[in-house]
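Q: For reference, the file protein-v7.cif (mmCIF, C-alpha atoms) is included below:
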```cif
data_query
loop_
_atom_site.label_atom_id
_atom_site.label_comp_id
_atom_site.auth_asym_id
_atom_site.auth_seq_id
_atom_site.Cartn_x
_atom_site.Cartn_y
_atom_site.Cartn_z
CA MET S 4 -11.34 -24.50 -14.33
CA THR S 5 -10.02 -28.05 -14.09
CA GLY S 6 -6.49 -27.20 -12.97
CA VAL S 7 -5.04 -28.52 -16.26
CA ARG S 8 -2.87 -26.05 -18.16
CA LYS S 9 -4.78 -24.34 -20.94
CA PRO S 10 -3.71 -24.43 -24.61
CA LEU S 11 -1.74 -21.56 -26.05
CA HIS S 12 -4.91 -19.67 -26.97
CA ALA S 13 -8.35 -20.67 -25.67
CA GLY S 14 -11.60 -20.29 -27.57
CA ASP S 15 -12.78 -21.47 -30.98
CA PRO S 16 -10.71 -19.82 -33.76
CA ALA S 17 -13.53 -20.47 -36.25
CA ILE S 18 -15.85 -17.97 -34.55
CA ALA S 19 -15.58 -14.50 -36.05
CA GLY S 20 -15.03 -11.95 -33.30
CA GLY S 21 -14.74 -14.77 -30.79
CA PHE S 22 -12.56 -15.05 -27.71
CA HIS S 23 -9.70 -16.75 -29.55
CA ALA S 24 -8.86 -13.92 -31.93
CA HIS S 25 -9.10 -11.29 -29.22
CA LEU S 26 -6.96 -13.35 -26.84
CA VAL S 27 -4.27 -13.63 -29.51
CA GLY S 28 -4.38 -9.86 -29.97
CA PHE S 29 -4.28 -9.26 -26.23
CA THR S 30 -1.24 -11.47 -25.63
CA ASP S 31 0.54 -9.91 -28.61
CA TRP S 32 -0.13 -6.50 -27.09
CA LEU S 33 1.27 -7.63 -23.73
CA GLY S 34 4.43 -8.76 -25.49
CA ALA S 35 4.73 -5.48 -27.39
CA MET S 36 4.35 -3.59 -24.11
CA ARG S 37 7.28 -5.63 -22.73
CA TYR S 38 5.40 -7.52 -20.07
CA SER S 39 7.38 -10.48 -18.77
CA GLU S 40 6.88 -13.96 -20.20
CA HIS S 41 5.62 -15.07 -16.80
CA THR S 42 2.95 -12.36 -16.74
CA ILE S 43 1.82 -13.15 -20.29
CA LYS S 44 1.65 -16.86 -19.54
CA THR S 45 -0.34 -16.25 -16.35
CA ARG S 46 -2.79 -13.87 -18.04
CA ARG S 47 -3.32 -16.32 -20.89
CA THR S 48 -3.93 -19.24 -18.53
CA ASP S 49 -6.32 -17.31 -16.28
CA LEU S 50 -8.26 -16.03 -19.27
CA GLY S 51 -8.44 -19.62 -20.49
CA TYR S 52 -10.37 -20.52 -17.33
CA PHE S 53 -12.77 -17.64 -17.93
CA ILE S 54 -13.29 -18.47 -21.61
CA GLU S 55 -13.95 -22.10 -20.75
CA TRP S 56 -16.56 -20.98 -18.20
CA CYS S 57 -18.20 -18.74 -20.82
CA GLU S 58 -18.30 -21.41 -23.52
CA GLU S 59 -19.87 -23.91 -21.13
CA ARG S 60 -22.73 -21.41 -20.85
CA GLY S 61 -23.02 -20.75 -24.58
CA ILE S 62 -21.15 -17.42 -24.51
CA ARG S 63 -18.90 -17.38 -27.59
CA THR S 64 -17.77 -13.76 -27.97
CA PRO S 65 -16.73 -10.93 -25.64
CA LEU S 66 -19.64 -8.86 -26.97
CA GLU S 67 -22.05 -11.22 -25.19
CA VAL S 68 -20.45 -10.72 -21.78
CA THR S 69 -22.37 -8.52 -19.37
CA ARG S 70 -21.65 -7.08 -15.95
CA ALA S 71 -24.08 -9.55 -14.41
CA MET S 72 -22.25 -12.48 -16.04
CA LEU S 73 -18.95 -11.28 -14.63
CA GLU S 74 -20.47 -11.08 -11.17
CA ARG S 75 -21.62 -14.68 -11.54
CA TYR S 76 -18.10 -15.65 -12.62
CA ARG S 77 -16.68 -13.92 -9.55
CA GLN S 78 -19.03 -15.97 -7.36
CA TYR S 79 -18.03 -19.11 -9.24
CA VAL S 80 -14.35 -18.48 -8.63
CA PHE S 81 -15.08 -17.91 -4.94
CA ALA S 82 -17.06 -21.16 -4.63
CA TYR S 83 -14.70 -23.28 -6.73
CA ARG S 84 -12.98 -26.24 -5.03
CA ARG S 85 -9.80 -27.80 -6.35
CA GLN S 86 -10.18 -31.38 -7.52
CA ARG S 87 -6.94 -32.62 -5.96
CA ASP S 88 -7.77 -31.69 -2.36
CA GLY S 89 -11.24 -30.14 -2.25
CA LEU S 90 -9.88 -26.82 -0.95
CA PRO S 91 -10.95 -23.40 -2.24
CA LEU S 92 -8.63 -21.16 -4.18
CA SER S 93 -6.71 -18.72 -2.03
CA PHE S 94 -7.96 -15.14 -2.10
CA ASN S 95 -4.77 -14.12 -3.88
CA CYS S 96 -5.35 -16.77 -6.53
CA GLN S 97 -8.97 -15.64 -6.90
CA GLY S 98 -7.78 -12.08 -7.34
CA THR S 99 -5.28 -13.12 -10.02
CA ARG S 100 -8.01 -14.91 -11.98
CA LEU S 101 -10.27 -11.86 -11.85
CA VAL S 102 -7.53 -9.33 -12.56
CA ALA S 103 -6.81 -11.11 -15.85
CA VAL S 104 -10.46 -10.71 -16.86
CA ARG S 105 -10.55 -7.06 -15.81
CA VAL S 106 -7.34 -6.21 -17.70
CA PHE S 107 -8.55 -8.06 -20.79
CA PHE S 108 -11.82 -6.14 -20.99
CA ARG S 109 -10.07 -2.87 -20.30
CA TRP S 110 -7.83 -3.60 -23.28
CA MET S 111 -10.87 -4.54 -25.37
CA THR S 112 -12.48 -1.20 -24.59
CA ARG S 113 -9.37 0.87 -25.21
CA GLN S 114 -8.85 -0.90 -28.54
CA HIS S 115 -12.46 0.01 -29.44
CA HIS S 116 -13.53 -3.62 -29.74
CA LEU S 117 -16.20 -2.81 -27.14
CA LEU S 118 -18.09 0.41 -26.50
CA PHE S 119 -18.57 -0.37 -22.81
CA ASN S 120 -16.32 -2.14 -20.33
CA PRO S 121 -18.45 -4.70 -18.45
CA ALA S 122 -15.59 -5.42 -16.04
CA GLY S 123 -15.04 -1.79 -15.07
CA GLU S 124 -16.74 -2.26 -11.70
CA LEU S 125 -15.75 -5.88 -11.08
CA ASP S 126 -14.85 -6.17 -7.40
CA LEU S 127 -11.72 -8.07 -6.37
CA PRO S 128 -11.30 -9.98 -3.10
CA LYS S 129 -9.16 -8.24 -0.53
CA LYS S 130 -5.58 -9.33 -0.99
CA GLU S 131 -4.08 -11.46 1.75
CA THR S 132 -0.85 -10.28 3.35
CA ARG S 133 0.86 -13.47 4.45
CA LEU S 134 4.10 -13.79 6.34
CA PRO S 135 6.84 -15.99 4.87
CA ARG S 136 6.11 -19.52 6.02
CA HIS S 137 9.72 -20.20 6.98
CA VAL S 138 12.51 -17.84 7.97
CA LEU S 139 15.89 -19.42 8.56
CA SER S 140 17.93 -18.35 11.54
CA VAL S 141 21.54 -17.24 11.12
CA ALA S 142 22.68 -20.59 12.51
CA GLU S 143 20.46 -22.52 10.10
CA VAL S 144 21.77 -20.57 7.11
CA ALA S 145 25.33 -21.34 8.21
CA GLN S 146 24.42 -25.01 8.64
CA ILE S 147 23.00 -25.22 5.11
CA ILE S 148 25.87 -23.36 3.49
CA ASN S 149 28.52 -25.37 5.34
CA ALA S 150 26.86 -28.63 4.30
CA ALA S 151 28.08 -28.15 0.72
CA ASP S 152 30.49 -30.95 -0.20
CA LEU S 153 33.55 -29.10 -1.43
CA ASP S 154 35.15 -32.38 -2.54
CA ALA S 155 32.27 -33.30 -4.85
CA ALA S 156 33.19 -34.39 -8.36
CA PHE S 157 33.62 -31.81 -11.11
CA GLY S 158 33.74 -29.00 -8.53
CA LEU S 159 29.96 -28.96 -8.18
CA GLY S 160 30.16 -28.60 -4.42
CA LEU S 161 32.35 -25.54 -4.74
CA ARG S 162 29.92 -24.07 -7.27
CA ASP S 163 26.98 -24.79 -4.99
CA ARG S 164 28.71 -23.12 -2.05
CA ALA S 165 29.32 -20.00 -4.15
CA ILE S 166 25.66 -20.01 -5.24
CA LEU S 167 24.33 -20.29 -1.68
CA GLU S 168 26.66 -17.55 -0.47
CA THR S 169 25.50 -15.27 -3.30
CA LEU S 170 21.82 -15.92 -2.63
CA TYR S 171 22.20 -15.14 1.06
CA SER S 172 24.46 -12.12 0.57
CA THR S 173 22.39 -10.37 -2.09
CA GLY S 174 18.82 -11.59 -1.49
CA MET S 175 18.31 -11.89 -5.23
CA ARG S 176 15.58 -13.98 -6.82
CA ARG S 177 16.13 -17.36 -8.46
CA ALA S 178 15.68 -16.01 -11.99
CA GLU S 179 18.06 -13.15 -11.25
CA LEU S 180 20.84 -15.46 -10.09
CA VAL S 181 20.69 -17.81 -13.08
CA ALA S 182 20.78 -14.75 -15.38
CA LEU S 183 24.03 -13.45 -13.86
CA ASP S 184 26.99 -13.11 -16.21
CA VAL S 185 30.64 -12.97 -15.23
CA VAL S 186 30.84 -9.29 -16.15
CA ASP S 187 27.97 -8.46 -13.78
CA VAL S 188 30.18 -9.02 -10.72
CA ASP S 189 32.35 -6.03 -9.82
CA VAL S 190 34.88 -7.35 -7.32
CA GLU S 191 36.60 -4.00 -6.81
CA ARG S 192 33.37 -2.19 -5.86
CA GLY S 193 31.80 -5.23 -4.17
CA THR S 194 28.62 -5.04 -6.25
CA VAL S 195 26.51 -7.17 -8.57
CA LEU S 196 24.51 -5.81 -11.49
CA ILE S 197 21.13 -7.50 -11.78
CA ARG S 198 19.94 -7.04 -15.35
CA LEU S 199 16.23 -6.90 -16.11
CA GLY S 200 15.03 -8.10 -12.73
CA LYS S 201 11.34 -8.25 -11.88
CA GLY S 202 9.52 -5.49 -13.73
CA LYS S 203 12.33 -5.46 -16.32
CA LYS S 204 14.41 -3.12 -14.17
CA ASP S 205 18.18 -3.16 -13.73
CA ARG S 206 19.55 -2.63 -10.24
CA MET S 207 22.94 -2.63 -8.57
CA VAL S 208 23.21 -4.48 -5.26
CA PRO S 209 26.07 -4.99 -2.82
CA VAL S 210 27.61 -8.42 -2.36
CA GLY S 211 29.62 -9.35 0.73
CA ALA S 212 33.33 -10.11 0.81
CA ARG S 213 32.66 -13.71 1.88
CA ALA S 214 30.43 -14.37 -1.11
CA LEU S 215 32.94 -12.71 -3.43
CA ALA S 216 35.70 -14.92 -2.07
CA TRP S 217 33.72 -18.07 -2.83
CA ILE S 218 32.77 -16.78 -6.29
CA ALA S 219 36.45 -16.10 -7.00
CA ARG S 220 37.47 -19.55 -5.80
CA TYR S 221 34.79 -21.18 -7.96
CA ALA S 222 35.84 -19.10 -10.96
CA ASP S 223 39.52 -19.98 -10.55
CA GLU S 224 39.29 -23.65 -9.61
CA VAL S 225 36.21 -24.88 -11.47
CA ARG S 226 34.68 -22.52 -13.97
CA ALA S 227 37.94 -21.69 -15.76
CA ASP S 228 38.18 -25.31 -16.94
CA GLN S 229 34.59 -25.58 -18.14
CA ALA S 230 33.90 -23.06 -20.89
CA ASP S 231 36.15 -20.17 -21.77
CA ASP S 232 33.55 -18.61 -24.07
CA ALA S 233 30.57 -18.95 -21.71
CA THR S 234 29.15 -15.69 -20.40
CA ALA S 235 27.06 -17.11 -17.54
CA LEU S 236 28.59 -16.93 -14.08
CA PHE S 237 27.26 -20.22 -12.74
CA LEU S 238 27.46 -23.18 -15.10
CA THR S 239 26.26 -26.76 -15.21
CA ARG S 240 28.71 -29.65 -15.45
CA GLN S 241 28.34 -29.40 -19.24
CA GLY S 242 29.35 -25.73 -19.23
CA LEU S 243 25.84 -24.38 -19.83
CA ARG S 244 23.89 -21.71 -17.97
CA LEU S 245 21.92 -23.08 -15.03
CA THR S 246 18.14 -23.17 -15.32
CA GLY S 247 15.74 -22.13 -12.58
CA LYS S 248 14.74 -25.74 -11.92
CA GLN S 249 18.37 -26.81 -11.62
CA LEU S 250 19.01 -24.02 -9.12
CA SER S 251 16.00 -25.10 -7.06
CA SER S 252 17.36 -28.65 -7.01
CA ILE S 253 20.74 -27.37 -5.78
CA VAL S 254 19.10 -25.45 -2.93
CA LYS S 255 16.85 -28.39 -2.00
CA LYS S 256 19.83 -30.73 -1.92
CA ALA S 257 21.74 -28.32 0.33
CA ILE S 258 18.81 -27.96 2.75
CA ASP S 259 18.25 -31.72 2.87
CA GLY S 260 21.97 -32.28 3.43
CA ALA S 261 22.07 -29.84 6.34
CA LYS S 262 19.60 -32.01 8.33
CA LEU S 263 18.17 -29.10 10.25
CA GLU S 264 16.68 -29.88 13.65
CA ARG S 265 13.22 -28.55 12.79
CA VAL S 266 13.10 -30.86 9.75
CA ALA S 267 14.32 -33.81 11.80
CA ALA S 268 11.57 -33.08 14.30
CA GLY S 269 8.97 -33.27 11.56
CA GLY S 270 8.52 -29.56 10.92
CA PRO S 271 7.81 -28.70 7.28
CA LEU S 272 10.37 -26.62 5.44
CA ASN S 273 9.90 -25.24 1.97
CA SER S 274 13.11 -25.91 0.02
CA SER S 275 12.96 -22.69 -1.97
CA CYS S 276 15.56 -20.20 -3.16
CA HIS S 277 13.32 -17.58 -1.56
CA LEU S 278 14.34 -18.93 1.86
CA PHE S 279 17.68 -17.17 1.44
CA ARG S 280 15.97 -14.00 0.20
CA HIS S 281 13.75 -13.98 3.29
CA ALA S 282 16.71 -14.71 5.54
CA CYS S 283 18.82 -11.94 4.01
CA ALA S 284 16.13 -9.29 4.53
CA THR S 285 15.10 -10.46 8.00
CA HIS S 286 18.63 -10.73 9.38
CA MET S 287 19.59 -7.29 8.08
CA LEU S 288 16.49 -5.73 9.64
CA GLU S 289 17.20 -7.41 12.95
CA ASN S 290 20.70 -5.95 12.86
CA GLY S 291 19.41 -2.42 12.36
CA ALA S 292 19.23 -1.90 8.58
CA ASP S 293 16.80 0.78 7.41
CA ILE S 294 13.83 -0.72 5.60
CA ARG S 295 14.35 1.51 2.56
CA TYR S 296 17.79 0.01 2.03
CA ILE S 297 16.20 -3.44 2.22
CA GLN S 298 13.65 -2.28 -0.38
CA ALA S 299 16.44 -1.21 -2.73
CA LEU S 300 18.34 -4.46 -2.16
CA LEU S 301 15.35 -6.69 -2.92
CA GLY S 302 14.14 -4.58 -5.83
CA HIS S 303 10.65 -3.95 -4.46
CA ALA S 304 8.73 -1.23 -6.29
CA ASP S 305 6.40 -0.76 -3.31
CA LEU S 306 7.70 -0.25 0.21
CA GLY S 307 4.62 -2.07 1.49
CA THR S 308 6.00 -5.29 0.00
CA THR S 309 9.18 -4.87 2.01
CA GLU S 310 7.37 -3.98 5.22
CA ILE S 311 6.24 -7.57 5.60
CA TYR S 312 9.75 -8.36 6.85
CA THR S 313 9.28 -6.02 9.80
CA ARG S 314 6.67 -8.49 11.05
CA VAL S 315 9.06 -11.40 10.70
CA ALA S 316 12.05 -9.69 12.32
CA ILE S 317 10.89 -10.61 15.81
CA MET S 318 14.21 -10.47 17.70
CA LYS S 319 14.14 -6.71 18.36
CA LEU S 320 10.56 -6.91 19.59
CA LYS S 321 11.46 -9.89 21.75
CA GLN S 322 14.32 -7.96 23.37
CA VAL S 323 12.04 -5.00 24.12
CA HIS S 324 9.38 -7.36 25.46
CA GLU S 325 11.82 -9.07 27.81
CA ALA S 326 13.19 -5.73 29.02
CA THR S 327 9.86 -4.01 29.63
CA HIS S 328 7.14 -6.57 30.32
CA PRO S 329 6.48 -6.85 34.08
CA ALA S 330 5.79 -10.61 34.05
CA ARG S 331 9.35 -11.85 34.36
CA LEU S 332 10.22 -15.42 35.23
CA GLN S 333 12.99 -14.60 37.73
CA GLY S 334 10.81 -12.25 39.76
CA ALA S 335 8.01 -14.80 39.89
CA LEU S 336 10.37 -17.51 41.10
CA ARG S 337 11.73 -15.28 43.89
CA ARG S 338 8.20 -14.53 45.14
CA ASN S 339 7.30 -18.21 45.08
CA ASP S 340 10.44 -19.09 47.03
CA ALA S 341 9.67 -16.45 49.62
CA ASP S 342 6.17 -17.85 50.10
#
```
Turn the structure described in the file into structure tokens.
A:
Amino acid sequence: MTGVRKPLHAGDPAIAGGFHAHLVGFTDWLGAMRYSEHTIKTRRTDLGYFIEWCEERGIRTPLEVTRAMLERYRQYVFAYRRQRDGLPLSFNCQGTRLVAVRVFFRWMTRQHHLLFNPAGELDLPKKETRLPRHVLSVAEVAQIINAADLDAAFGLGLRDRAILETLYSTGMRRAELVALDVVDVDVERGTVLIRLGKGKKDRMVPVGARALAWIARYADEVRADQADDATALFLTRQGLRLTGKQLSSIVKKAIDGAKLERVAAGGPLNSSCHLFRHACATHMLENGADIRYIQALLGHADLGTTEIYTRVAIMKLKQVHEATHPARLQGALRRNDAD
């Protein structure tokens, strides 16, 4: 577990019944079951760590793996320290490593490669429920969006403004935005069709009039001159579909250009597309939106995932606190003056 990305398939292909052949079969099965490329890549990488650990101990085939060995691997993952900073893996990262092993052996058993699943009782660390590190205020979102240079060459500033408005209005993920096609935006109904979002599920989400206005302006003034036959909504200067990395660079540039006060004061700020997703959900909750509508907007399969935003939406709680808590500043000052 060196932190270096593992090869496409770990294990020695020369060993009959070894890890390599079964890992190839497992990843092929994941693809046939329509798991996402990200999930397949993560499973393959995490299993690469496990196979490397096994081979260092002379374990060459899945048949040699026992329940006791898996328990030792779990302890190893818990005790592991990253080489770059000496810190342990987060509990969520530990869980991801172990889930890959558990799913792999479950598949092995169901495919009758094993008679007994040694990972059937493998315990996972309790998952951490962390709050978003940064949640932009309404004023900060406006500052970032307004920082877009509308006079930038090739209309890139106008495109970036339309992108930021869309991210904030819809709360969609980075991969969902770059996958948008022109036909996915229904101006008349004020909706956007997100095709094959996370979990390979389509969903229809509302998009605000302000975002639609900027999309229309970008389409009329910039995009129309780039590529008449392109299907993607947001294009690069060369008329190609944006990539996820390019979108992240656009958002980072916008945040840096806004020169927010908390950044100027030295406060860390993660320049992520998810900042606008967090802001969208939090601001709607603070303005009274029902959490189940937020769940539908964000495309969460589990309401528990959405409920994390109720802990971030602090403004309502702050108002109740100020209205009901007996320790008020004005009352204390009056008593002190009277004394």
Q: Might you pull out every residue within 6 Å of range 88-103 of chain S, with only C-alpha atoms counted and same-chain residues fewer than 3 positions away left off, and present them as a PyMOL selection string?
A: chain S and resi 46+49+83-85+106+127-128+130
Q: Work out how far CA of Gly260 in chain S is from CA of Leu153 in chain S, in Å to one decimal.
A: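 So the two atoms, CA of Leu153 in chain S and CA of Gly260 in chain S, lie 13.0 Å apart.
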Q: Would you list the contacts of Ala178 in chain S as an MDAnalysis selection string, taking every protein, DNA or RNA residue within 9 Å and counting all atoms listed in the file, but skipping same-chain residues closer than 4 positions in sequence?
A: chainID S and resid 182:183 200:201 246:247
Q: Check the smallest atom-to-atom distance from each of S:His137, S:Lys204, S:His277, S:Arg162 to Arg37 in chain S using all atoms listed in the file, then report the winner.
A: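 Closest to Arg37 in chain S of all the choices is S:Lys204.
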Q: Report as CSV: every residue of range 169-283 of chain S with an atom at most 12 Å from range 311-318 of chain S, its closest pair of atoms, and their distance in Å to one decimal, counting only C-alpha atoms, with rows sorted by chain and ascending residue number.
A:
```
residue,atom,partner,partner_atom,distance
S:Arg280,CA,S:Tyr312,CA,10.7
S:His281,CA,S:Tyr312,CA,7.8
S:Ala282,CA,S:Tyr312,CA,9.5
S:Cys283,CA,S:Tyr312,CA,10.2
```
Q: On this file, the PyMOL selection byres ((chain S and resi 208) around 9) gives some set of residues; write that set as a ChimeraX atom specification.
A: /S:173,175,193-197,206-207,209-210,299-301
Q: May I have the protein, DNA and RNA residues with any atom at most 10 Å from the point (36.0, -24.5, -12.2), counting only C-alpha atoms, written as an MDAnalysis selection string?
A: chainID S and resid 157:159 161:162 219:230 237:238 240 242
Q: Give me, please, the distance in Å between CA of Gly21 in chain S and CA of Gln114 in chain S, quoted to one decimal.
A: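 Value for the CA of Gly21 in chain S-CA of Gln114 in chain S distance: 15.2 Å.
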Q: Could you jot down the CA of Leu33 in chain S to CA of Thr112 in chain S separation for me, Å, one decimal place?
A: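 These two atoms are separated by 15.2 Å.
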